[in-house]
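J.: Sharing a structure here in structure tokens format.
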Amino acid sequence: MVSRPLTLRKTVVLVGMMGAGKTAIGRALATQLGVAFRDSDQVLEDAANMTIPEIFARDGEAFFREKEMQVIARLMDADPAVLSTGGGAFLDPRTRDVIADKGVAVWLDADLDILWERVRHKNTRPLLRTPNPRQTLSDLLDARRPVYAQADLRAEAQPHYSIDDMTAAVIDTLAARPDVLEDRP
């Protein structure tokens, strides 16, 4: 828990793989900082009146990624908040540019074992609908890790971390940036 009053000066955008905890950590972080929580996937689903897997199936990944970039750009124009993004959102250079210009990207870096434990029983991950989903997840992680490493900040997940532990790690990471998070007088 945050023991001192803090002011968020820029939107914190949580990036990373599916299963990294972007939504759970995002909600907890927003609550602790007293700001709004936004989820780009939820905004997309609400606008389309469809789930992400349904959008993928009907319109394809390229269409989804274009809409995702537009939604994130719009959300970045709002008051400072915590924004959770889909696992592939940060791969688009236009999205990275909007985030860098108007906020701060925090990579929730979780290893393959942590990610697999969190996603293996879920059927809501369209990219993992393959004959070997763990290998697919591993391949995605390997391909995406260099892009996620371009985030402004990194918070590393540990297997024993609770949501509160990881949220505290993100706050500690943000505290190093007074342009993002500052103590209130």
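Each chain in the structure tokens gets a letter, A, B and so on, in the order shown; residues start at 1 in every chain, and ligands are counted from 1 in the order they appear.
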Can you list, as a PyMOL selection string, every protein, DNA or RNA residue that comes within 12 Å of region 113-128 of chain A when you count only C-alpha atoms, leaving out same-chain residues fewer than 2 positions away?
T.: chain A and resi 16-22+24+51-58+60-61+64+86-88+108-111+130-141+156-161
J.: Pick out the residues sitting within 8 Å of Met76 (chain A), and hand them over as an mmCIF file with N, CA and C atoms, in the first residue's frame; count only C-alpha atoms, and ignore anything fewer than 6 positions along from it in its own chain.
T.:
```
data_model
loop_
_atom_site.group_PDB
_atom_site.id
_atom_site.type_symbol
_atom_site.label_atom_id
_atom_site.label_comp_id
_atom_site.auth_asym_id
_atom_site.auth_seq_id
_atom_site.Cartn_x
_atom_site.Cartn_y
_atom_site.Cartn_z
ATOM 1 N N THR A 11 -0.312 9.603 -17.792
ATOM 2 C CA THR A 11 -0.942 8.282 -17.832
ATOM 3 C C THR A 11 0.123 7.202 -17.829
ATOM 4 N N VAL A 98 2.675 7.385 -29.474
ATOM 5 C CA VAL A 98 1.624 8.093 -28.734
ATOM 6 C C VAL A 98 1.862 7.956 -27.232
ATOM 7 N N ILE A 99 2.197 6.752 -26.807
ATOM 8 C CA ILE A 99 2.450 6.524 -25.374
ATOM 9 C C ILE A 99 3.655 7.342 -24.912
ATOM 10 N N LYS A 102 2.709 11.110 -24.656
ATOM 11 C CA LYS A 102 1.690 11.572 -23.721
ATOM 12 C C LYS A 102 1.667 10.856 -22.377
ATOM 13 N N GLY A 103 2.485 9.825 -22.225
ATOM 14 C CA GLY A 103 2.449 9.057 -20.988
ATOM 15 C C GLY A 103 3.769 8.372 -20.728
#
```
J.: When DSSP works through the backbone of this structure, what residues of region 14-137 of chain A end up as strand (DSSP E or B), shown as an MDAnalysis selection string?
T.: chainID A and resid 14:15 37:39 82:84 103:109
J.: Hey, what does DSSP flag as alpha helix (DSSP H) within region 95-134 of chain A? Can you give it to me as a ChimeraX atom specification?
T.: /A:95-102,112-119,133-134
J.: Could you save those same residues with N, CA and C atoms as a JSON list (two decimals), in the first residue's frame?
T.:
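Output file again25.json is given in full below:
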```
[["chain", "number", "residue", "atom", "x", "y", "z"],
["A", 95, "THR", "N", 1.61, 3.30, -31.82],
["A", 95, "THR", "CA", 1.13, 3.23, -30.44],
["A", 95, "THR", "C", 2.26, 3.58, -29.48],
["A", 96, "ARG", "N", 3.44, 3.05, -29.72],
["A", 96, "ARG", "CA", 4.59, 3.38, -28.86],
["A", 96, "ARG", "C", 4.86, 4.89, -28.88],
["A", 97, "ASP", "N", 4.74, 5.51, -30.06],
["A", 97, "ASP", "CA", 4.99, 6.95, -30.17],
["A", 97, "ASP", "C", 3.97, 7.76, -29.37],
["A", 98, "VAL", "N", 2.67, 7.39, -29.47],
["A", 98, "VAL", "CA", 1.62, 8.09, -28.73],
["A", 98, "VAL", "C", 1.86, 7.96, -27.23],
["A", 99, "ILE", "N", 2.20, 6.75, -26.81],
["A", 99, "ILE", "CA", 2.45, 6.52, -25.37],
["A", 99, "ILE", "C", 3.66, 7.34, -24.91],
["A", 100, "ALA", "N", 4.73, 7.32, -25.69],
["A", 100, "ALA", "CA", 5.94, 8.06, -25.31],
["A", 100, "ALA", "C", 5.68, 9.57, -25.26],
["A", 101, "ASP", "N", 4.82, 10.05, -26.15],
["A", 101, "ASP", "CA", 4.54, 11.47, -26.23],
["A", 101, "ASP", "C", 3.65, 11.96, -25.09],
["A", 102, "LYS", "N", 2.71, 11.11, -24.66],
["A", 102, "LYS", "CA", 1.69, 11.57, -23.72],
["A", 102, "LYS", "C", 1.67, 10.86, -22.38],
["A", 112, "LEU", "N", 8.13, -17.01, -18.84],
["A", 112, "LEU", "CA", 7.22, -17.95, -19.50],
["A", 112, "LEU", "C", 6.44, -18.80, -18.50],
["A", 113, "ASP", "N", 7.08, -19.29, -17.46],
["A", 113, "ASP", "CA", 6.38, -20.14, -16.50],
["A", 113, "ASP", "C", 5.23, -19.39, -15.81],
["A", 114, "ILE", "N", 5.47, -18.16, -15.43],
["A", 114, "ILE", "CA", 4.42, -17.36, -14.80],
["A", 114, "ILE", "C", 3.28, -17.13, -15.79],
["A", 115, "LEU", "N", 3.64, -16.73, -17.01],
["A", 115, "LEU", "CA", 2.62, -16.46, -18.02],
["A", 115, "LEU", "C", 1.79, -17.70, -18.32],
["A", 116, "TRP", "N", 2.45, -18.84, -18.51],
["A", 116, "TRP", "CA", 1.75, -20.07, -18.85],
["A", 116, "TRP", "C", 0.79, -20.48, -17.73],
["A", 117, "GLU", "N", 1.23, -20.34, -16.50],
["A", 117, "GLU", "CA", 0.38, -20.70, -15.37],
["A", 117, "GLU", "C", -0.90, -19.86, -15.37],
["A", 118, "ARG", "N", -0.78, -18.62, -15.79],
["A", 118, "ARG", "CA", -1.94, -17.72, -15.76],
["A", 118, "ARG", "C", -2.88, -17.87, -16.96],
["A", 119, "VAL", "N", -2.37, -18.30, -18.11],
["A", 119, "VAL", "CA", -3.22, -18.33, -19.31],
["A", 119, "VAL", "C", -3.62, -19.73, -19.78],
["A", 133, "PRO", "N", -0.11, -24.57, -27.53],
["A", 133, "PRO", "CA", -0.21, -23.18, -27.05],
["A", 133, "PRO", "C", 0.97, -22.72, -26.19],
["A", 134, "ARG", "N", 1.57, -23.62, -25.41],
["A", 134, "ARG", "CA", 2.73, -23.19, -24.60],
["A", 134, "ARG", "C", 3.88, -22.79, -25.51]]
```
J.: Got a sec: who's within 12 Å of Ala78 (chain A), counting only C-alpha atoms, leaving out chain neighbours fewer than 5 positions off, as a PyMOL selection string?
T.: chain A and resi 9-12+35-38+71-73+83+102-103
J.: Write out, as a PDB file, in the first residue's frame, the residues just selected, with N, CA, C and O atoms.
T.:
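File selection-v8.pdb, as written:
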```pdb
ATOM      1  N   ARG A   9       1.158  12.415 -12.748  1.00  0.00           N
ATOM      2  CA  ARG A   9       1.236  13.533 -13.693  1.00  0.00           C
ATOM      3  C   ARG A   9       1.031  13.109 -15.143  1.00  0.00           C
ATOM      4  O   ARG A   9       0.733  13.942 -15.991  1.00  0.00           O
ATOM      5  N   LYS A  10       1.225  11.834 -15.445  1.00  0.00           N
ATOM      6  CA  LYS A  10       1.066  11.301 -16.804  1.00  0.00           C
ATOM      7  C   LYS A  10       0.366   9.955 -16.718  1.00  0.00           C
ATOM      8  O   LYS A  10       0.490   9.259 -15.721  1.00  0.00           O
ATOM      9  N   THR A  11      -0.312   9.603 -17.792  1.00  0.00           N
ATOM     10  CA  THR A  11      -0.942   8.282 -17.832  1.00  0.00           C
ATOM     11  C   THR A  11       0.123   7.202 -17.829  1.00  0.00           C
ATOM     12  O   THR A  11       1.110   7.267 -18.580  1.00  0.00           O
ATOM     13  N   VAL A  12      -0.066   6.214 -16.967  1.00  0.00           N
ATOM     14  CA  VAL A  12       0.798   5.042 -16.894  1.00  0.00           C
ATOM     15  C   VAL A  12       0.167   3.962 -17.769  1.00  0.00           C
ATOM     16  O   VAL A  12      -0.978   3.571 -17.542  1.00  0.00           O
ATOM     17  N   VAL A  35      -6.757   7.327  -9.151  1.00  0.00           N
ATOM     18  CA  VAL A  35      -7.037   7.776 -10.523  1.00  0.00           C
ATOM     19  C   VAL A  35      -7.905   6.742 -11.228  1.00  0.00           C
ATOM     20  O   VAL A  35      -8.119   5.635 -10.723  1.00  0.00           O
ATOM     21  N   ALA A  36      -8.360   7.093 -12.404  1.00  0.00           N
ATOM     22  CA  ALA A  36      -9.197   6.183 -13.191  1.00  0.00           C
ATOM     23  C   ALA A  36      -8.362   5.023 -13.737  1.00  0.00           C
ATOM     24  O   ALA A  36      -7.162   5.170 -14.009  1.00  0.00           O
ATOM     25  N   PHE A  37      -9.029   3.879 -13.877  1.00  0.00           N
ATOM     26  CA  PHE A  37      -8.437   2.739 -14.556  1.00  0.00           C
ATOM     27  C   PHE A  37      -9.143   2.590 -15.893  1.00  0.00           C
ATOM     28  O   PHE A  37     -10.369   2.630 -15.961  1.00  0.00           O
ATOM     29  N   ARG A  38      -8.354   2.411 -16.948  1.00  0.00           N
ATOM     30  CA  ARG A  38      -8.906   2.189 -18.284  1.00  0.00           C
ATOM     31  C   ARG A  38      -8.266   0.933 -18.867  1.00  0.00           C
ATOM     32  O   ARG A  38      -7.093   0.667 -18.629  1.00  0.00           O
ATOM     33  N   VAL A  71      -7.951   3.513 -30.399  1.00  0.00           N
ATOM     34  CA  VAL A  71      -8.522   3.605 -29.050  1.00  0.00           C
ATOM     35  C   VAL A  71      -7.469   4.089 -28.055  1.00  0.00           C
ATOM     36  O   VAL A  71      -7.724   4.979 -27.238  1.00  0.00           O
ATOM     37  N   ILE A  72      -6.277   3.532 -28.113  1.00  0.00           N
ATOM     38  CA  ILE A  72      -5.218   3.946 -27.183  1.00  0.00           C
ATOM     39  C   ILE A  72      -4.868   5.413 -27.390  1.00  0.00           C
ATOM     40  O   ILE A  72      -4.717   6.165 -26.417  1.00  0.00           O
ATOM     41  N   ALA A  73      -4.774   5.851 -28.637  1.00  0.00           N
ATOM     42  CA  ALA A  73      -4.472   7.260 -28.912  1.00  0.00           C
ATOM     43  C   ALA A  73      -5.543   8.165 -28.289  1.00  0.00           C
ATOM     44  O   ALA A  73      -5.218   9.197 -27.682  1.00  0.00           O
ATOM     45  N   LEU A  83      -3.657   2.826 -17.641  1.00  0.00           N
ATOM     46  CA  LEU A  83      -4.208   2.208 -18.840  1.00  0.00           C
ATOM     47  C   LEU A  83      -3.585   0.834 -19.049  1.00  0.00           C
ATOM     48  O   LEU A  83      -2.365   0.709 -19.177  1.00  0.00           O
ATOM     49  N   LYS A 102       2.709  11.110 -24.656  1.00  0.00           N
ATOM     50  CA  LYS A 102       1.690  11.572 -23.721  1.00  0.00           C
ATOM     51  C   LYS A 102       1.667  10.856 -22.377  1.00  0.00           C
ATOM     52  O   LYS A 102       0.893  11.213 -21.501  1.00  0.00           O
ATOM     53  N   GLY A 103       2.485   9.825 -22.225  1.00  0.00           N
ATOM     54  CA  GLY A 103       2.449   9.057 -20.988  1.00  0.00           C
ATOM     55  C   GLY A 103       3.769   8.372 -20.728  1.00  0.00           C
ATOM     56  O   GLY A 103       4.815   8.814 -21.181  1.00  0.00           O
TER      57      GLY A 103
END
```
J.: If you measure from CA of Val82 (chain A) to CA of Ala168 (chain A), what distance in Å do you get, rounded to one decimal?
T.: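 One can read the CA of Val82 (chain A) to CA of Ala168 (chain A) distance as 14.3 Å.
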J.: Between A:Val13, A:Thr7, A:Arg154, A:Arg65, which one has atoms that come closest to Gln32 (chain A), using only C-alpha atoms?
T.: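 Answer, going by the shortest atom-to-atom distance: A:Thr7.
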J.: What separation in Å, quoted to one decimal, exists between CA of Asp165 (chain A) and CA of Ile25 (chain A)?
T.: 9.5 Å
J.: So what do you get for CA of Ser162 (chain A) versus CA of Thr85 (chain A), distance-wise?
T.: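 Here the two named atoms are 20.4 Å from each other.
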